[in-house]
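Enquirer: Could you have a look at this structure, given as structure tokens, before my questions?
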Amino acid sequence: MKPITDVKVVKTTESAFIRPFSLIFKQGGNEIKWDLIDSHNGVFVIIYNRTRNTLVCVKQFRPGVYYKSIPECDRPKDGYIDTVKYPPSMGLTVEFCAGIVDKNKSLEEIAVEEVREECGYEVKVSDMEKIISCRAALSTAGSIMTFFYTEVTDQMKISEGGGLAHEGEDIEVVEYTIPEIRDIITQSEVLNGSSSFLFGLMWFLTNKIVLNK
């Protein structure tokens, strides 16, 4: 991954990915105003490499995680962040291959594209096993996230992955063994991973590893 420098907080004027708005409603006669974000639905793909008996994941810098990792008293409302005191590595996360639903394609087709772009494996739509669709960010967005499972081999690797540079993606492909996965889910804190990541790890151990014993 390329080094991250000159981190600056600015006000958002427009975005291609989110739209903040508010919903006003009455409940029990009381008027309530609720701030929301209109955002895309998404897909997650749990990728199991049969050749090496590992889960293929991605590591990347998440600005939101970085910002919230800084003590509130030191978070600037605007201006530069001291990256010596608060190195950008604080914002590195481990996740499953994922992407937003912003194309006129099926969820499976989008999942296939993300696996190719982020992790470098060539899979087919028929290789995608749907796990579940559920809501995310319930209090602010209510987006629908759909999980898929697919299996790959080393022979299916066609590139190093890493995401699309022209979209600002800089992704590192990482792999975890079964013992490493078990270790992650037994920790009391996993602050470099999301609830969706932990769900996927537990689903994999329960539905694929246990069943294959």
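Every chain in the structure tokens takes a letter, A first, then B, and so on in the order presented; its residues are numbered from 1, and the ligands are numbered from 1 following the presented order.
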Near range 176-188 of chain A, counting only C-alpha atoms, which residues have an atom at most 7 Å away, once you skip same-chain residues fewer than 6 positions from it, shown as an mmCIF file with C-alpha atoms, in the first residue's frame?
Expert:
```cif
data_model
loop_
_atom_site.group_PDB
_atom_site.id
_atom_site.type_symbol
_atom_site.label_atom_id
_atom_site.label_comp_id
_atom_site.auth_asym_id
_atom_site.auth_seq_id
_atom_site.Cartn_x
_atom_site.Cartn_y
_atom_site.Cartn_z
ATOM 1 C CA ASN A 53 -6.853 -23.629 3.187
ATOM 2 C CA THR A 54 -7.115 -19.909 3.896
ATOM 3 C CA LEU A 55 -9.648 -17.101 3.773
ATOM 4 C CA VAL A 56 -8.731 -14.367 1.318
ATOM 5 C CA LEU A 198 -16.801 -10.985 12.341
ATOM 6 C CA LEU A 201 -15.744 -15.382 9.995
#
```
Enquirer: Would you please give, as an MDAnalysis selection string, all residues of range 36-178 of chain A that DSSP assigns to strand (DSSP E or B) based on the backbone?
Expert: chainID A and resid 36:39 42:49 54:61 79:80 92:95 97:100 121 129:136 143:152 157 172:177
Enquirer: I'd like a table as a tab-separated table: residues in range 129-200 of chain A with an atom no more than 8 Å from range 72-95 of chain A, each row giving the shortest atom pair and its distance in Å to one decimal, only C-alpha atoms counted, sorted by chain and rising residue number.
Expert:
```
residue	atom	partner	partner_atom	distance
A:Asn192	CA	A:Thr93	CA	4.5
A:Gly193	CA	A:Val94	CA	5.5
A:Ser194	CA	A:Glu95	CA	7.4
A:Phe197	CA	A:Glu95	CA	5.7
```
Enquirer: Just write the chosen residues, N, CA, C and O atoms, as a PDB file, in the first residue's frame.
Expert:
```pdb
ATOM      1  N   ASN A 192     -10.006  -3.310  14.336  1.00  0.00           N
ATOM      2  CA  ASN A 192      -9.635  -3.119  12.935  1.00  0.00           C
ATOM      3  C   ASN A 192     -10.521  -3.933  11.998  1.00  0.00           C
ATOM      4  O   ASN A 192     -10.196  -4.150  10.839  1.00  0.00           O
ATOM      5  N   GLY A 193     -11.668  -4.395  12.539  1.00  0.00           N
ATOM      6  CA  GLY A 193     -12.607  -5.158  11.723  1.00  0.00           C
ATOM      7  C   GLY A 193     -14.034  -4.781  12.086  1.00  0.00           C
ATOM      8  O   GLY A 193     -14.310  -4.335  13.197  1.00  0.00           O
ATOM      9  N   SER A 194     -14.943  -4.967  11.143  1.00  0.00           N
ATOM     10  CA  SER A 194     -16.341  -4.581  11.344  1.00  0.00           C
ATOM     11  C   SER A 194     -17.164  -5.761  11.855  1.00  0.00           C
ATOM     12  O   SER A 194     -16.717  -6.908  11.868  1.00  0.00           O
ATOM     13  N   PHE A 197     -17.521  -8.317   9.167  1.00  0.00           N
ATOM     14  CA  PHE A 197     -16.342  -9.170   9.037  1.00  0.00           C
ATOM     15  C   PHE A 197     -16.389 -10.301  10.061  1.00  0.00           C
ATOM     16  O   PHE A 197     -16.170 -11.477   9.726  1.00  0.00           O
TER      17      PHE A 197
END
```
Enquirer: Set out as CSV a contact list for range 100-198 of chain A and range 13-26 of chain A with a cut-off of 12 Å, giving each residue of range 100-198 of chain A that qualifies its closest atom pair and distance in Å to one decimal, counting only C-alpha atoms, ordered by chain and rising residue number.
Expert:
```
residue,atom,partner,partner_atom,distance
A:Ile100,CA,A:Phe17,CA,9.1
A:Val101,CA,A:Phe17,CA,10.6
A:Asp102,CA,A:Phe17,CA,9.3
A:Ser139,CA,A:Leu23,CA,11.7
A:Thr140,CA,A:Pro20,CA,9.3
A:Ala141,CA,A:Pro20,CA,9.4
A:Ser143,CA,A:Ile18,CA,11.3
A:Glu167,CA,A:Ala16,CA,11.7
```
Enquirer: Would you output that residue set with all heavy atoms, as a PDB file, in the first residue's frame?
Expert:
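Produced file result-v8.pdb, reproduced below:
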```pdb
ATOM      1  N   ILE A 100     -19.908  -1.601  -3.564  1.00  0.00           N
ATOM      2  CA  ILE A 100     -21.233  -0.995  -3.531  1.00  0.00           C
ATOM      3  C   ILE A 100     -22.024  -1.402  -4.775  1.00  0.00           C
ATOM      4  O   ILE A 100     -21.446  -1.742  -5.819  1.00  0.00           O
ATOM      5  CB  ILE A 100     -21.160   0.540  -3.438  1.00  0.00           C
ATOM      6  CG1 ILE A 100     -20.402   1.133  -4.640  1.00  0.00           C
ATOM      7  CG2 ILE A 100     -20.499   0.956  -2.137  1.00  0.00           C
ATOM      8  CD1 ILE A 100     -20.424   2.661  -4.671  1.00  0.00           C
ATOM      9  N   VAL A 101     -23.324  -1.371  -4.651  1.00  0.00           N
ATOM     10  CA  VAL A 101     -24.212  -1.710  -5.766  1.00  0.00           C
ATOM     11  C   VAL A 101     -24.548  -0.404  -6.498  1.00  0.00           C
ATOM     12  O   VAL A 101     -25.473   0.320  -6.120  1.00  0.00           O
ATOM     13  CB  VAL A 101     -25.490  -2.404  -5.260  1.00  0.00           C
ATOM     14  CG1 VAL A 101     -26.415  -2.752  -6.431  1.00  0.00           C
ATOM     15  CG2 VAL A 101     -25.141  -3.659  -4.471  1.00  0.00           C
ATOM     16  N   ASP A 102     -23.762  -0.112  -7.521  1.00  0.00           N
ATOM     17  CA  ASP A 102     -23.958   1.139  -8.262  1.00  0.00           C
ATOM     18  C   ASP A 102     -23.983   0.915  -9.768  1.00  0.00           C
ATOM     19  O   ASP A 102     -23.785   1.835 -10.548  1.00  0.00           O
ATOM     20  CB  ASP A 102     -22.855   2.151  -7.907  1.00  0.00           C
ATOM     21  CG  ASP A 102     -21.460   1.650  -8.261  1.00  0.00           C
ATOM     22  OD1 ASP A 102     -21.320   0.445  -8.568  1.00  0.00           O
ATOM     23  OD2 ASP A 102     -20.524   2.460  -8.244  1.00  0.00           O
ATOM     24  N   SER A 139     -29.499   2.919  12.159  1.00  0.00           N
ATOM     25  CA  SER A 139     -29.964   4.214  12.663  1.00  0.00           C
ATOM     26  C   SER A 139     -29.739   5.364  11.692  1.00  0.00           C
ATOM     27  O   SER A 139     -30.347   6.423  11.834  1.00  0.00           O
ATOM     28  CB  SER A 139     -29.279   4.534  13.995  1.00  0.00           C
ATOM     29  OG  SER A 139     -27.887   4.708  13.798  1.00  0.00           O
ATOM     30  N   THR A 140     -28.866   5.162  10.691  1.00  0.00           N
ATOM     31  CA  THR A 140     -28.554   6.281   9.798  1.00  0.00           C
ATOM     32  C   THR A 140     -28.806   6.016   8.325  1.00  0.00           C
ATOM     33  O   THR A 140     -29.015   6.953   7.559  1.00  0.00           O
ATOM     34  CB  THR A 140     -27.077   6.687   9.958  1.00  0.00           C
ATOM     35  OG1 THR A 140     -26.240   5.533   9.711  1.00  0.00           O
ATOM     36  CG2 THR A 140     -26.811   7.237  11.349  1.00  0.00           C
ATOM     37  N   ALA A 141     -28.771   4.751   7.885  1.00  0.00           N
ATOM     38  CA  ALA A 141     -28.882   4.484   6.452  1.00  0.00           C
ATOM     39  C   ALA A 141     -29.864   3.363   6.112  1.00  0.00           C
ATOM     40  O   ALA A 141     -30.640   3.479   5.170  1.00  0.00           O
ATOM     41  CB  ALA A 141     -27.506   4.150   5.871  1.00  0.00           C
ATOM     42  N   SER A 143     -29.108   0.535   4.772  1.00  0.00           N
ATOM     43  CA  SER A 143     -28.710  -0.081   3.509  1.00  0.00           C
ATOM     44  C   SER A 143     -28.808  -1.598   3.591  1.00  0.00           C
ATOM     45  O   SER A 143     -28.711  -2.179   4.672  1.00  0.00           O
ATOM     46  CB  SER A 143     -27.265   0.318   3.173  1.00  0.00           C
ATOM     47  OG  SER A 143     -27.126   1.723   3.124  1.00  0.00           O
ATOM     48  N   GLU A 167     -10.184   4.767  -9.141  1.00  0.00           N
ATOM     49  CA  GLU A 167     -11.258   5.033  -8.187  1.00  0.00           C
ATOM     50  C   GLU A 167     -10.711   5.312  -6.788  1.00  0.00           C
ATOM     51  O   GLU A 167     -11.462   5.375  -5.812  1.00  0.00           O
ATOM     52  CB  GLU A 167     -12.236   3.857  -8.141  1.00  0.00           C
ATOM     53  CG  GLU A 167     -13.042   3.695  -9.423  1.00  0.00           C
ATOM     54  CD  GLU A 167     -14.104   2.616  -9.318  1.00  0.00           C
ATOM     55  OE1 GLU A 167     -14.226   1.993  -8.234  1.00  0.00           O
ATOM     56  OE2 GLU A 167     -14.834   2.403 -10.312  1.00  0.00           O
TER      57      GLU A 167
END
```
Enquirer: Range 32-108 of chain A near range 148-160 of chain A within 6 Å: what's each residue's closest atom pair and its distance in Å to one decimal, counting only C-alpha atoms, ordered by chain then ascending residue number, as a Markdown table?
Expert:
```
| residue | atom | partner | partner_atom | distance |
| --- | --- | --- | --- | --- |
| A:Val45 | CA | A:Phe148 | CA | 4.7 |
| A:Ile46 | CA | A:Tyr149 | CA | 4.7 |
| A:Ile47 | CA | A:Thr150 | CA | 5.2 |
| A:Tyr48 | CA | A:Glu151 | CA | 4.7 |
| A:Asn49 | CA | A:Val152 | CA | 4.8 |
| A:Arg50 | CA | A:Thr153 | CA | 5.5 |
| A:Thr51 | CA | A:Thr153 | CA | 5.2 |
```
Enquirer: So which one's closest to Val173 in chain A, A:Ser39, A:Asn30, A:Thr206, A:Gln60? Using only C-alpha atoms, please.
Expert: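 Result for the nearest residue to Val173 in chain A: A:Gln60.
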Enquirer: If you run DSSP over the backbone, which residues in range 19-76 of chain A end up alpha helix (DSSP H)? Put them as a VMD selection string.
Expert: chain A and resid 63 to 69
Enquirer: Export N, CA and C atoms of the chosen residues as a short mmCIF file (atom, residue, chain, number, x, y, z; two decimals), in the first residue's frame?
Expert:
```
data_model
loop_
_atom_site.label_atom_id
_atom_site.label_comp_id
_atom_site.auth_asym_id
_atom_site.auth_seq_id
_atom_site.Cartn_x
_atom_site.Cartn_y
_atom_site.Cartn_z
N PRO A 63 -10.78 5.96 6.22
CA PRO A 63 -10.70 7.27 6.87
C PRO A 63 -11.59 7.41 8.10
N GLY A 64 -12.80 6.81 8.05
CA GLY A 64 -13.70 6.91 9.20
C GLY A 64 -13.13 6.23 10.43
N VAL A 65 -12.53 5.06 10.25
CA VAL A 65 -11.91 4.34 11.36
C VAL A 65 -10.73 5.14 11.90
N TYR A 66 -9.94 5.70 10.99
CA TYR A 66 -8.80 6.52 11.41
C TYR A 66 -9.25 7.70 12.25
N TYR A 67 -10.24 8.43 11.75
CA TYR A 67 -10.70 9.63 12.46
C TYR A 67 -11.25 9.28 13.83
N LYS A 68 -12.03 8.21 13.92
CA LYS A 68 -12.63 7.83 15.20
C LYS A 68 -11.63 7.17 16.15
N SER A 69 -10.45 6.81 15.64
CA SER A 69 -9.40 6.25 16.49
C SER A 69 -8.62 7.34 17.20
#
```
Enquirer: What's the 6 Å shell around Gly161 in chain A, counting only C-alpha atoms, without same-chain residues fewer than 6 positions away, as an mmCIF file with C-alpha atoms, in the first residue's frame?
Expert:
```cif
data_model
loop_
_atom_site.group_PDB
_atom_site.id
_atom_site.type_symbol
_atom_site.label_atom_id
_atom_site.label_comp_id
_atom_site.auth_asym_id
_atom_site.auth_seq_id
_atom_site.Cartn_x
_atom_site.Cartn_y
_atom_site.Cartn_z
ATOM 1 C CA GLU A 117 -10.611 -6.245 -9.016
ATOM 2 C CA GLU A 118 -9.754 -6.471 -5.322
ATOM 3 C CA CYS A 119 -8.286 -9.968 -4.949
ATOM 4 C CA GLY A 120 -7.244 -10.957 -8.474
#
```
